[in-house]
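Please read the structure below before turning to the comments.
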Number of protein chains: 2
Amino acid sequence: MTDSVKKPYVIGIDLGGTNTAFGIVDEKGNVVAQNSIKTQQYPDLNDYMAALSGAIKALIEESKVGIANINGIGIGAPNANYYTGNIEHAANLPWKGIVPFAKLLSEATGLPVSLTNDANAAAIGEATYGVAKGMKDFIMITLGTGVGSGIYCNGKLLYGSDGNAGELGHVVVRRNGRQCGCGNKGCLECYTSATGIVRTAREFLANDKTTPTLLRNYKEEEITGKIITDCARQGDKMANDIFVETGTILGEALADFVKFSSPEAIVLFGGLSQAGDLIHVPTAKAMNDNLMPVFKGKVKLLQSSLIGANAAILGASALAWEL
Amino acid sequence: MTDSVKKPYVIGIDLGGTNTAFGIVDEKGNVVAQNSIKTQQYPDLNDYMAALSGAIKALIEESKVGIANINGIGIGAPNANYYTGNIEHAANLPWKGIVPFAKLLSEATGLPVSLTNDANAAAIGEATYGVAKGMKDFIMITLGTGVGSGIYCNGKLLYGSDGNAGELGHVVVRRNGRQCGCGNKGCLECYTSATGIVRTAREFLANDKTTPTLLRNYKEEEITGKIITDCARQGDKMANDIFVETGTILGEALADFVKFSSPEAIVLFGGLSQAGDLIHVPTAKAMNDNLMPVFKGKVKLLQSSLIGANAAILGASALAWEL
């Protein structure tokens, strides 16, 4: 991954709508130190840059790695453009419009910076260290605060004509459906993200006020993807039905993605994917039910083998070896 | 395109649900002789192979090119697999299951044969001779008897893990919508193919029996895409509304495709695309209405610059230079 002129460490940053997780990574892919700050706490971009660069410098110092040994910073962020270094119109981040993120962080830290879509970073991580190792054609779907995707075609990450390929979370799955932060209605991420499944749970509870369910033990505004998962694991029928509906919508969308790039596998990543069979079984069924004979039963649906935030940190960090 | 050991001519075959058009092509891309047979006339595959190989040999003889000067045969066909040479489960062809088409035609003609999806062949033709020349990322959509697609990513035709990438005509645009020949419901080609727009016209006529329209001058079973086009060009409101509905459905689907591969352009090809502004204007509007800011107004919607059957023949023939 590195040659002799490279410095021995890189920094990977996973910039999410809720948290910004970052870590120092060595040449073998070990995360030797990590920390995070709250993204939503900094509506002002300058405040955020000061907090992030300060926390990174502190981590470099505490870990005794030293800034002279850092080759650069790689970032995975929503709507990040690999070609320009900008974050452009990200619906789930506090800063609007076009943000020259790589340039600003490079100025604040004194280190070279490269960035890509957060889901692309996860896909790079999966291709380098995870279940997609050796695959030339696969699609990574991240089920987080939003829904993202990173697409490998012919052994390479797909960037498209302008660096913006792979916005599968905004493919419309219900015409005139739920309002999405992107301005459109009925996007995949309105249904299969952590926030999407909570919206579905609220609809189920509003439409059926009598059937007993553990979900009624919580205030409506307290319900999270984790609570729905816990209830379903205790055998709660409504919580299970919410997963079946969520997985069905996801599987229907995946079938359409297969018709585009005919991948060897689709890899699920992120909080909701960790619900295991609860989400994987209905997703795989709906995907295969909606495929033509030429594809049916051929496409593997896999769970990411990289753990939590580290996958995104590792993927993002891989970018920084090229700096 | 050729080196010194290549023979100076190739044969390109455009195998469609209705017609099989074929031509002899020289090194500069001139179609020096061409002919066609009726695909639907041969429900038995052996009869078809005999008719096609006979017609090809006759054309070679009549044109005085001579079989010794033919480098090989390239074929564009529905559901054709570049890797295997098979046609697999093609909904719009008379022969079911998996047909070893390249092998059979090679045995019948004594010439080497390579084949790809008909829409892929059209995309290769467009990239080599047409409006997509020089583009690294574009999507070709063919609006014929069915709806096909050929996708260029990073300067190469996208084949996917198994050669079956680019079946965008079977992306579901209306969940539980019209029955498709592929077994699924609501596929794009049920709405935006030549047969799809006729189904829409029948629905319009069935739902509104009073508004005057030129379409009522025809028996229902006589109506074709061309008749709807002619009526719309004469200012007929219902015929125009049918195009608006068809273009809207197409544009909504194209917006989703843009979110996948972020192409520089989408090129429309085939009978229905020749209706010009009637189809292009509502398609472009619906596409842009359904794109996020990062894509809006950036993706060109182009009409193929290659004429009719020749585009597919040229695209298919290009495959045969590699034999």
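Chain identifiers are assigned as A, B, and so on, following the order in which chains appear in the structure tokens; residues are numbered from 1 within each chain, and ligands are numbered from 1 in order of appearance.
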
With chain A as the partner and 8 Å as the cut-off, tabulate the residues of chain B that qualify, each row holding the nearest pair of atoms and their distance in Å to one decimal, using only C-alpha atoms, sorted by chain and rising number, as a tab-separated table.
residue	atom	partner	partner_atom	distance
B:Glu88	CA	A:Val294	CA	6.7
B:His89	CA	A:Val294	CA	6.8
B:Lys136	CA	A:Ser161	CA	7.2
B:Asp137	CA	A:Ser161	CA	5.7
B:Cys153	CA	A:Gly160	CA	6.7
B:Asn154	CA	A:Gly160	CA	7.1
B:Leu158	CA	A:Ser261	CA	7.0
B:Tyr159	CA	A:Ser261	CA	7.2
B:Gly160	CA	A:Ser262	CA	4.8
B:Ser161	CA	A:Pro263	CA	5.4
B:Asp162	CA	A:Ser262	CA	7.0
B:Gly163	CA	A:Ser262	CA	7.7
B:Asn164	CA	A:Ser262	CA	6.0
B:Ala165	CA	A:Ser261	CA	4.5
B:Gly166	CA	A:Phe260	CA	4.7
B:Glu167	CA	A:Lys259	CA	4.9
B:Leu168	CA	A:Lys259	CA	6.0
B:His170	CA	A:Lys259	CA	7.2
B:Val171	CA	A:Asp256	CA	5.1
B:Val172	CA	A:Asp256	CA	6.9
B:Cys182	CA	A:Met292	CA	6.0
B:Gly183	CA	A:Met292	CA	6.9
B:Asn184	CA	A:Asn290	CA	6.4
B:Asp256	CA	A:Val171	CA	5.1
B:Val258	CA	A:Ala165	CA	7.6
B:Lys259	CA	A:Glu167	CA	4.9
B:Phe260	CA	A:Gly166	CA	4.7
B:Ser261	CA	A:Ala165	CA	4.5
B:Ser262	CA	A:Ala165	CA	4.6
B:Pro263	CA	A:Ser161	CA	5.4
B:Glu264	CA	A:Ser161	CA	5.5
B:Asn290	CA	A:Asn184	CA	6.4
B:Leu291	CA	A:Asn184	CA	7.7
B:Met292	CA	A:Cys182	CA	6.0
B:Pro293	CA	A:His89	CA	7.0
B:Val294	CA	A:His89	CA	6.8

Please identify the alpha helix (DSSP H) residues within region 70-272 of chain B (assignment by DSSP from backbone atoms) and present them as a count of residues only. 73

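Summary of the local environment: counting only C-alpha atoms, residues at most 8 Å from region 227-242 of chain B, other than itself and those fewer than 6 positions away along its chain, are Ile197, Thr200, Ala201, Phe204, Thr213, Leu214, Leu215, Ala275 and Leu278 of chain B.
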
Output N, CA and C atoms for every residue in the selection just made, as a PDB file, in the first residue's frame.
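The resulting file, out_29.pdb, is reproduced below:
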ATOM      1  N   ILE B 197     -46.203   2.579 -25.255  1.00  0.00           N
ATOM      2  CA  ILE B 197     -46.957   3.807 -25.520  1.00  0.00           C
ATOM      3  C   ILE B 197     -48.315   3.475 -26.143  1.00  0.00           C
ATOM      4  N   THR B 200     -50.548   2.691 -23.332  1.00  0.00           N
ATOM      5  CA  THR B 200     -50.982   3.949 -22.709  1.00  0.00           C
ATOM      6  C   THR B 200     -52.102   4.598 -23.525  1.00  0.00           C
ATOM      7  N   ALA B 201     -51.957   4.581 -24.856  1.00  0.00           N
ATOM      8  CA  ALA B 201     -52.995   5.163 -25.719  1.00  0.00           C
ATOM      9  C   ALA B 201     -54.325   4.447 -25.517  1.00  0.00           C
ATOM     10  N   PHE B 204     -55.837   5.656 -22.292  1.00  0.00           N
ATOM     11  CA  PHE B 204     -56.403   7.002 -22.450  1.00  0.00           C
ATOM     12  C   PHE B 204     -57.757   6.918 -23.156  1.00  0.00           C
ATOM     13  N   THR B 213     -60.573  13.248 -30.496  1.00  0.00           N
ATOM     14  CA  THR B 213     -59.159  12.971 -30.760  1.00  0.00           C
ATOM     15  C   THR B 213     -59.027  12.247 -32.090  1.00  0.00           C
ATOM     16  N   LEU B 214     -57.999  12.581 -32.831  1.00  0.00           N
ATOM     17  CA  LEU B 214     -57.734  11.927 -34.116  1.00  0.00           C
ATOM     18  C   LEU B 214     -57.513  10.424 -33.937  1.00  0.00           C
ATOM     19  N   LEU B 215     -57.114  10.026 -32.710  1.00  0.00           N
ATOM     20  CA  LEU B 215     -56.833   8.604 -32.465  1.00  0.00           C
ATOM     21  C   LEU B 215     -58.065   7.733 -32.682  1.00  0.00           C
ATOM     22  N   ALA B 275     -39.528  10.742 -32.230  1.00  0.00           N
ATOM     23  CA  ALA B 275     -40.651  11.683 -32.130  1.00  0.00           C
ATOM     24  C   ALA B 275     -40.154  13.076 -31.725  1.00  0.00           C
ATOM     25  N   LEU B 278     -41.553  15.967 -28.914  1.00  0.00           N
ATOM     26  CA  LEU B 278     -42.729  15.339 -28.291  1.00  0.00           C
ATOM     27  C   LEU B 278     -42.323  14.454 -27.118  1.00  0.00           C
TER      28      LEU B 278
END

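Near Val147 (chain A), within 10 Å and counting only C-alpha atoms, sit Pro78, Ala119, Ile141, Glu167, Leu168, Gly169, His170, Cys187, Leu188, Glu189, Cys190, Tyr191, Thr192, Ser193, Ala194, Thr195, Gly196, Phe269 and Gly270 of chain A, not including residues fewer than 6 positions from it in the same chain.
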
Kindly save the residues from that selection, with N, CA and C atoms included, as a CSV table (one decimal), in the first residue's frame.
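The result, written out as again.csv:
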chain,number,residue,atom,x,y,z
A,78,PRO,N,-20.6,12.8,3.6
A,78,PRO,CA,-21.7,12.8,2.6
A,78,PRO,C,-21.6,13.8,1.5
A,119,ALA,N,-19.9,6.8,1.8
A,119,ALA,CA,-20.2,5.4,1.4
A,119,ALA,C,-19.1,4.9,0.5
A,141,ILE,N,-24.0,-0.8,0.3
A,141,ILE,CA,-25.1,0.1,0.8
A,141,ILE,C,-25.0,0.4,2.2
A,167,GLU,N,-25.3,7.8,-5.7
A,167,GLU,CA,-26.2,8.4,-4.7
A,167,GLU,C,-27.5,7.5,-4.7
A,168,LEU,N,-27.4,6.2,-4.4
A,168,LEU,CA,-28.5,5.3,-4.5
A,168,LEU,C,-29.5,5.5,-3.3
A,169,GLY,N,-29.1,6.2,-2.3
A,169,GLY,CA,-30.1,6.5,-1.2
A,169,GLY,C,-31.2,7.5,-1.7
A,170,HIS,N,-30.9,8.1,-2.8
A,170,HIS,CA,-31.9,9.1,-3.3
A,170,HIS,C,-32.6,8.6,-4.6
A,187,CYS,N,-37.6,9.0,-1.6
A,187,CYS,CA,-36.2,8.4,-1.7
A,187,CYS,C,-36.0,7.2,-0.8
A,188,LEU,N,-35.2,6.3,-1.3
A,188,LEU,CA,-34.9,5.1,-0.5
A,188,LEU,C,-34.5,5.4,0.9
A,189,GLU,N,-33.8,6.4,1.2
A,189,GLU,CA,-33.3,6.7,2.5
A,189,GLU,C,-34.4,7.2,3.5
A,190,CYS,N,-35.6,7.6,2.9
A,190,CYS,CA,-36.7,7.9,3.7
A,190,CYS,C,-37.3,6.7,4.4
A,191,TYR,N,-37.0,5.5,3.9
A,191,TYR,CA,-37.6,4.3,4.3
A,191,TYR,C,-36.6,3.3,5.0
A,192,THR,N,-35.4,3.3,4.6
A,192,THR,CA,-34.5,2.2,5.0
A,192,THR,C,-33.2,2.8,5.8
A,193,SER,N,-33.3,4.0,6.2
A,193,SER,CA,-32.2,4.6,7.1
A,193,SER,C,-32.7,4.4,8.5
A,194,ALA,N,-31.8,4.7,9.5
A,194,ALA,CA,-32.2,4.6,10.9
A,194,ALA,C,-33.4,5.5,11.1
A,195,THR,N,-33.4,6.7,10.5
A,195,THR,CA,-34.6,7.6,10.7
A,195,THR,C,-35.8,7.1,9.9
A,196,GLY,N,-35.6,6.5,8.8
A,196,GLY,CA,-36.7,6.0,8.0
A,196,GLY,C,-37.4,4.9,8.7
A,269,PHE,N,-24.1,-2.4,5.2
A,269,PHE,CA,-23.2,-1.8,6.2
A,269,PHE,C,-24.0,-0.8,7.0
A,270,GLY,N,-23.6,-0.5,8.3
A,270,GLY,CA,-24.3,0.5,9.1
A,270,GLY,C,-25.3,0.0,10.1

Using only C-alpha atoms, which of the listed residues (B:Pro212, B:Gly134, B:Gly144, B:Gly251) sits closest to Gln274 (chain B)? B:Gly144

Please identify every residue of region 85-173 of chain B that has at least one atom no farther than 12 Å from an atom of region 54-61 of chain B, counting only C-alpha atoms, and for each give the shortest atom pair and the distance in Å to one decimal, arranged by chain then increasing number, as a Markdown table.
| residue | atom | partner | partner_atom | distance |
| --- | --- | --- | --- | --- |
| B:Leu105 | CA | B:Ile56 | CA | 10.6 |
| B:Ser106 | CA | B:Ile56 | CA | 11.9 |
| B:Ala108 | CA | B:Gly54 | CA | 8.7 |
| B:Thr109 | CA | B:Lys57 | CA | 7.5 |
| B:Gly110 | CA | B:Lys57 | CA | 10.2 |
| B:Leu111 | CA | B:Lys57 | CA | 10.7 |

Can you write just those residues out, N, CA, C and O atoms, as a PDB file, in the first residue's frame?
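Printed below is selection_13.pdb as written:
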ATOM      1  N   LEU B 105     -24.415 -20.014 -34.869  1.00  0.00           N
ATOM      2  CA  LEU B 105     -24.252 -19.220 -36.096  1.00  0.00           C
ATOM      3  C   LEU B 105     -22.852 -19.409 -36.677  1.00  0.00           C
ATOM      4  O   LEU B 105     -22.669 -19.393 -37.902  1.00  0.00           O
ATOM      5  N   SER B 106     -21.877 -19.636 -35.808  1.00  0.00           N
ATOM      6  CA  SER B 106     -20.523 -19.899 -36.279  1.00  0.00           C
ATOM      7  C   SER B 106     -20.479 -21.225 -37.049  1.00  0.00           C
ATOM      8  O   SER B 106     -19.876 -21.322 -38.118  1.00  0.00           O
ATOM      9  N   ALA B 108     -23.012 -22.584 -38.587  1.00  0.00           N
ATOM     10  CA  ALA B 108     -23.823 -22.472 -39.805  1.00  0.00           C
ATOM     11  C   ALA B 108     -23.133 -21.660 -40.896  1.00  0.00           C
ATOM     12  O   ALA B 108     -23.410 -21.848 -42.081  1.00  0.00           O
ATOM     13  N   THR B 109     -22.222 -20.740 -40.503  1.00  0.00           N
ATOM     14  CA  THR B 109     -21.603 -19.864 -41.505  1.00  0.00           C
ATOM     15  C   THR B 109     -20.130 -20.162 -41.739  1.00  0.00           C
ATOM     16  O   THR B 109     -19.564 -19.731 -42.732  1.00  0.00           O
ATOM     17  N   GLY B 110     -19.501 -20.855 -40.793  1.00  0.00           N
ATOM     18  CA  GLY B 110     -18.056 -21.065 -40.888  1.00  0.00           C
ATOM     19  C   GLY B 110     -17.229 -19.845 -40.503  1.00  0.00           C
ATOM     20  O   GLY B 110     -16.018 -19.810 -40.735  1.00  0.00           O
ATOM     21  N   LEU B 111     -17.880 -18.834 -39.908  1.00  0.00           N
ATOM     22  CA  LEU B 111     -17.180 -17.604 -39.519  1.00  0.00           C
ATOM     23  C   LEU B 111     -17.138 -17.482 -37.994  1.00  0.00           C
ATOM     24  O   LEU B 111     -18.051 -17.947 -37.312  1.00  0.00           O
TER      25      LEU B 111
END

Hey, what's within 9 Å of Val31 (chain A) if we count only C-alpha atoms and toss same-chain stuff fewer than 3 positions away? As a short mmCIF file (atom, residue, chain, number, x, y, z; two decimals) with all heavy atoms, in the first residue's frame, please?
data_model
loop_
_atom_site.label_atom_id
_atom_site.label_comp_id
_atom_site.auth_asym_id
_atom_site.auth_seq_id
_atom_site.Cartn_x
_atom_site.Cartn_y
_atom_site.Cartn_z
N GLY A 23 -9.37 8.52 13.21
CA GLY A 23 -8.39 7.64 13.81
C GLY A 23 -7.06 7.73 13.09
O GLY A 23 -6.99 8.13 11.93
N ILE A 24 -6.00 7.35 13.81
CA ILE A 24 -4.67 7.25 13.21
C ILE A 24 -4.46 5.78 12.83
O ILE A 24 -4.68 4.89 13.65
CB ILE A 24 -3.58 7.71 14.20
CG1 ILE A 24 -3.86 9.16 14.63
CG2 ILE A 24 -2.19 7.59 13.58
CD1 ILE A 24 -2.93 9.67 15.73
N VAL A 25 -4.08 5.54 11.57
CA VAL A 25 -4.01 4.19 11.03
C VAL A 25 -2.58 3.91 10.57
O VAL A 25 -1.96 4.76 9.93
CB VAL A 25 -5.00 4.04 9.85
CG1 VAL A 25 -4.95 2.63 9.26
CG2 VAL A 25 -6.42 4.40 10.28
N ASP A 26 -2.08 2.70 10.89
CA ASP A 26 -0.73 2.37 10.43
C ASP A 26 -0.78 1.64 9.09
O ASP A 26 -1.85 1.42 8.52
CB ASP A 26 0.03 1.57 11.51
CG ASP A 26 -0.50 0.15 11.68
OD1 ASP A 26 -1.28 -0.32 10.82
OD2 ASP A 26 -0.13 -0.49 12.68
N GLN A 34 -8.00 6.63 18.31
CA GLN A 34 -9.16 7.25 17.67
C GLN A 34 -9.94 8.09 18.66
O GLN A 34 -9.81 7.95 19.87
CB GLN A 34 -10.06 6.20 17.02
CG GLN A 34 -10.63 5.15 17.94
CD GLN A 34 -11.45 4.13 17.14
OE1 GLN A 34 -12.41 4.49 16.46
NE2 GLN A 34 -11.04 2.88 17.20
N ASN A 310 -14.95 1.83 12.47
CA ASN A 310 -13.61 1.53 11.95
C ASN A 310 -13.59 1.29 10.45
O ASN A 310 -12.62 1.63 9.79
CB ASN A 310 -13.04 0.29 12.65
CG ASN A 310 -12.35 0.68 13.95
OD1 ASN A 310 -12.41 1.84 14.34
ND2 ASN A 310 -11.72 -0.28 14.59
N ILE A 313 -13.47 4.61 8.85
CA ILE A 313 -12.17 5.24 9.15
C ILE A 313 -11.08 4.59 8.29
O ILE A 313 -10.26 5.28 7.68
CB ILE A 313 -11.83 5.13 10.65
CG1 ILE A 313 -12.74 6.05 11.46
CG2 ILE A 313 -10.36 5.44 10.91
CD1 ILE A 313 -12.57 5.94 12.97
N LEU A 314 -11.09 3.25 8.23
CA LEU A 314 -10.08 2.54 7.43
C LEU A 314 -10.20 2.89 5.95
O LEU A 314 -9.21 3.15 5.27
CB LEU A 314 -10.23 1.03 7.61
CG LEU A 314 -9.72 0.47 8.93
CD1 LEU A 314 -10.14 -1.00 9.07
CD2 LEU A 314 -8.21 0.61 9.04
#

For the structure I just gave you, how does DSSP split region 40-236 of chain A - specifically, which residues are strand (DSSP E or B)? Reply as a PDB file with C-alpha atoms, in the first residue's frame.
ATOM      1  CA  ILE A  70       1.515  11.513   9.253  1.00  0.00           C
ATOM      2  CA  ASN A  71       1.326  11.041   5.475  1.00  0.00           C
ATOM      3  CA  GLY A  72      -2.014  12.800   5.136  1.00  0.00           C
ATOM      4  CA  ILE A  73      -5.727  12.801   5.923  1.00  0.00           C
ATOM      5  CA  GLY A  74      -8.425  10.871   4.066  1.00  0.00           C
ATOM      6  CA  ILE A  75     -12.079  11.754   4.643  1.00  0.00           C
ATOM      7  CA  GLY A  76     -15.345   9.976   3.966  1.00  0.00           C
ATOM      8  CA  ALA A  77     -18.218  12.487   4.053  1.00  0.00           C
ATOM      9  CA  ALA A  80     -18.084  14.717  -0.881  1.00  0.00           C
ATOM     10  CA  ILE A  87     -18.732  18.794   0.072  1.00  0.00           C
ATOM     11  CA  GLU A  88     -21.674  19.785  -2.110  1.00  0.00           C
ATOM     12  CA  ILE A  98     -20.624  24.023  -1.564  1.00  0.00           C
ATOM     13  CA  VAL A  99     -17.986  23.679   1.201  1.00  0.00           C
ATOM     14  CA  VAL A 113      -6.178  16.076   2.606  1.00  0.00           C
ATOM     15  CA  SER A 114      -8.193  13.920   0.179  1.00  0.00           C
ATOM     16  CA  LEU A 115     -11.892  13.183   0.503  1.00  0.00           C
ATOM     17  CA  THR A 116     -14.640  11.050  -0.962  1.00  0.00           C
ATOM     18  CA  ASN A 117     -18.246  10.170  -0.315  1.00  0.00           C
ATOM     19  CA  PHE A 138     -20.067  -5.091  -5.969  1.00  0.00           C
ATOM     20  CA  ILE A 139     -22.330  -2.479  -4.413  1.00  0.00           C
ATOM     21  CA  MET A 140     -21.961  -1.289  -0.835  1.00  0.00           C
ATOM     22  CA  ILE A 141     -25.129   0.079   0.762  1.00  0.00           C
ATOM     23  CA  THR A 142     -24.751   1.987   4.023  1.00  0.00           C
ATOM     24  CA  LEU A 143     -27.827   2.127   6.235  1.00  0.00           C
ATOM     25  CA  VAL A 147     -28.598   5.724   3.052  1.00  0.00           C
ATOM     26  CA  GLY A 148     -25.416   5.868   0.986  1.00  0.00           C
ATOM     27  CA  SER A 149     -23.708   3.683  -1.582  1.00  0.00           C
ATOM     28  CA  GLY A 150     -20.307   2.943  -3.038  1.00  0.00           C
ATOM     29  CA  ILE A 151     -20.189   1.076  -6.340  1.00  0.00           C
ATOM     30  CA  TYR A 152     -17.294  -0.992  -7.692  1.00  0.00           C
ATOM     31  CA  CYS A 153     -17.364  -1.659 -11.439  1.00  0.00           C
ATOM     32  CA  LYS A 156     -12.647   0.340  -9.558  1.00  0.00           C
ATOM     33  CA  LEU A 157     -14.770   2.681  -7.499  1.00  0.00           C
ATOM     34  CA  VAL A 172     -37.124   7.106  -5.679  1.00  0.00           C
ATOM     35  CA  GLN A 179     -40.458  14.083   1.941  1.00  0.00           C
ATOM     36  CA  LYS A 185     -40.095  12.693  -2.330  1.00  0.00           C
ATOM     37  CA  CYS A 187     -36.239   8.410  -1.729  1.00  0.00           C
TER      38      CYS A 187
END

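Our summary of the geometry notes that CA of Ile11 (chain B) is positioned 23.9 Å from CA of Gly146 (chain B).
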
CA of Ala51 (chain B) to CA of Glu27 (chain B) measures 26.7 Å
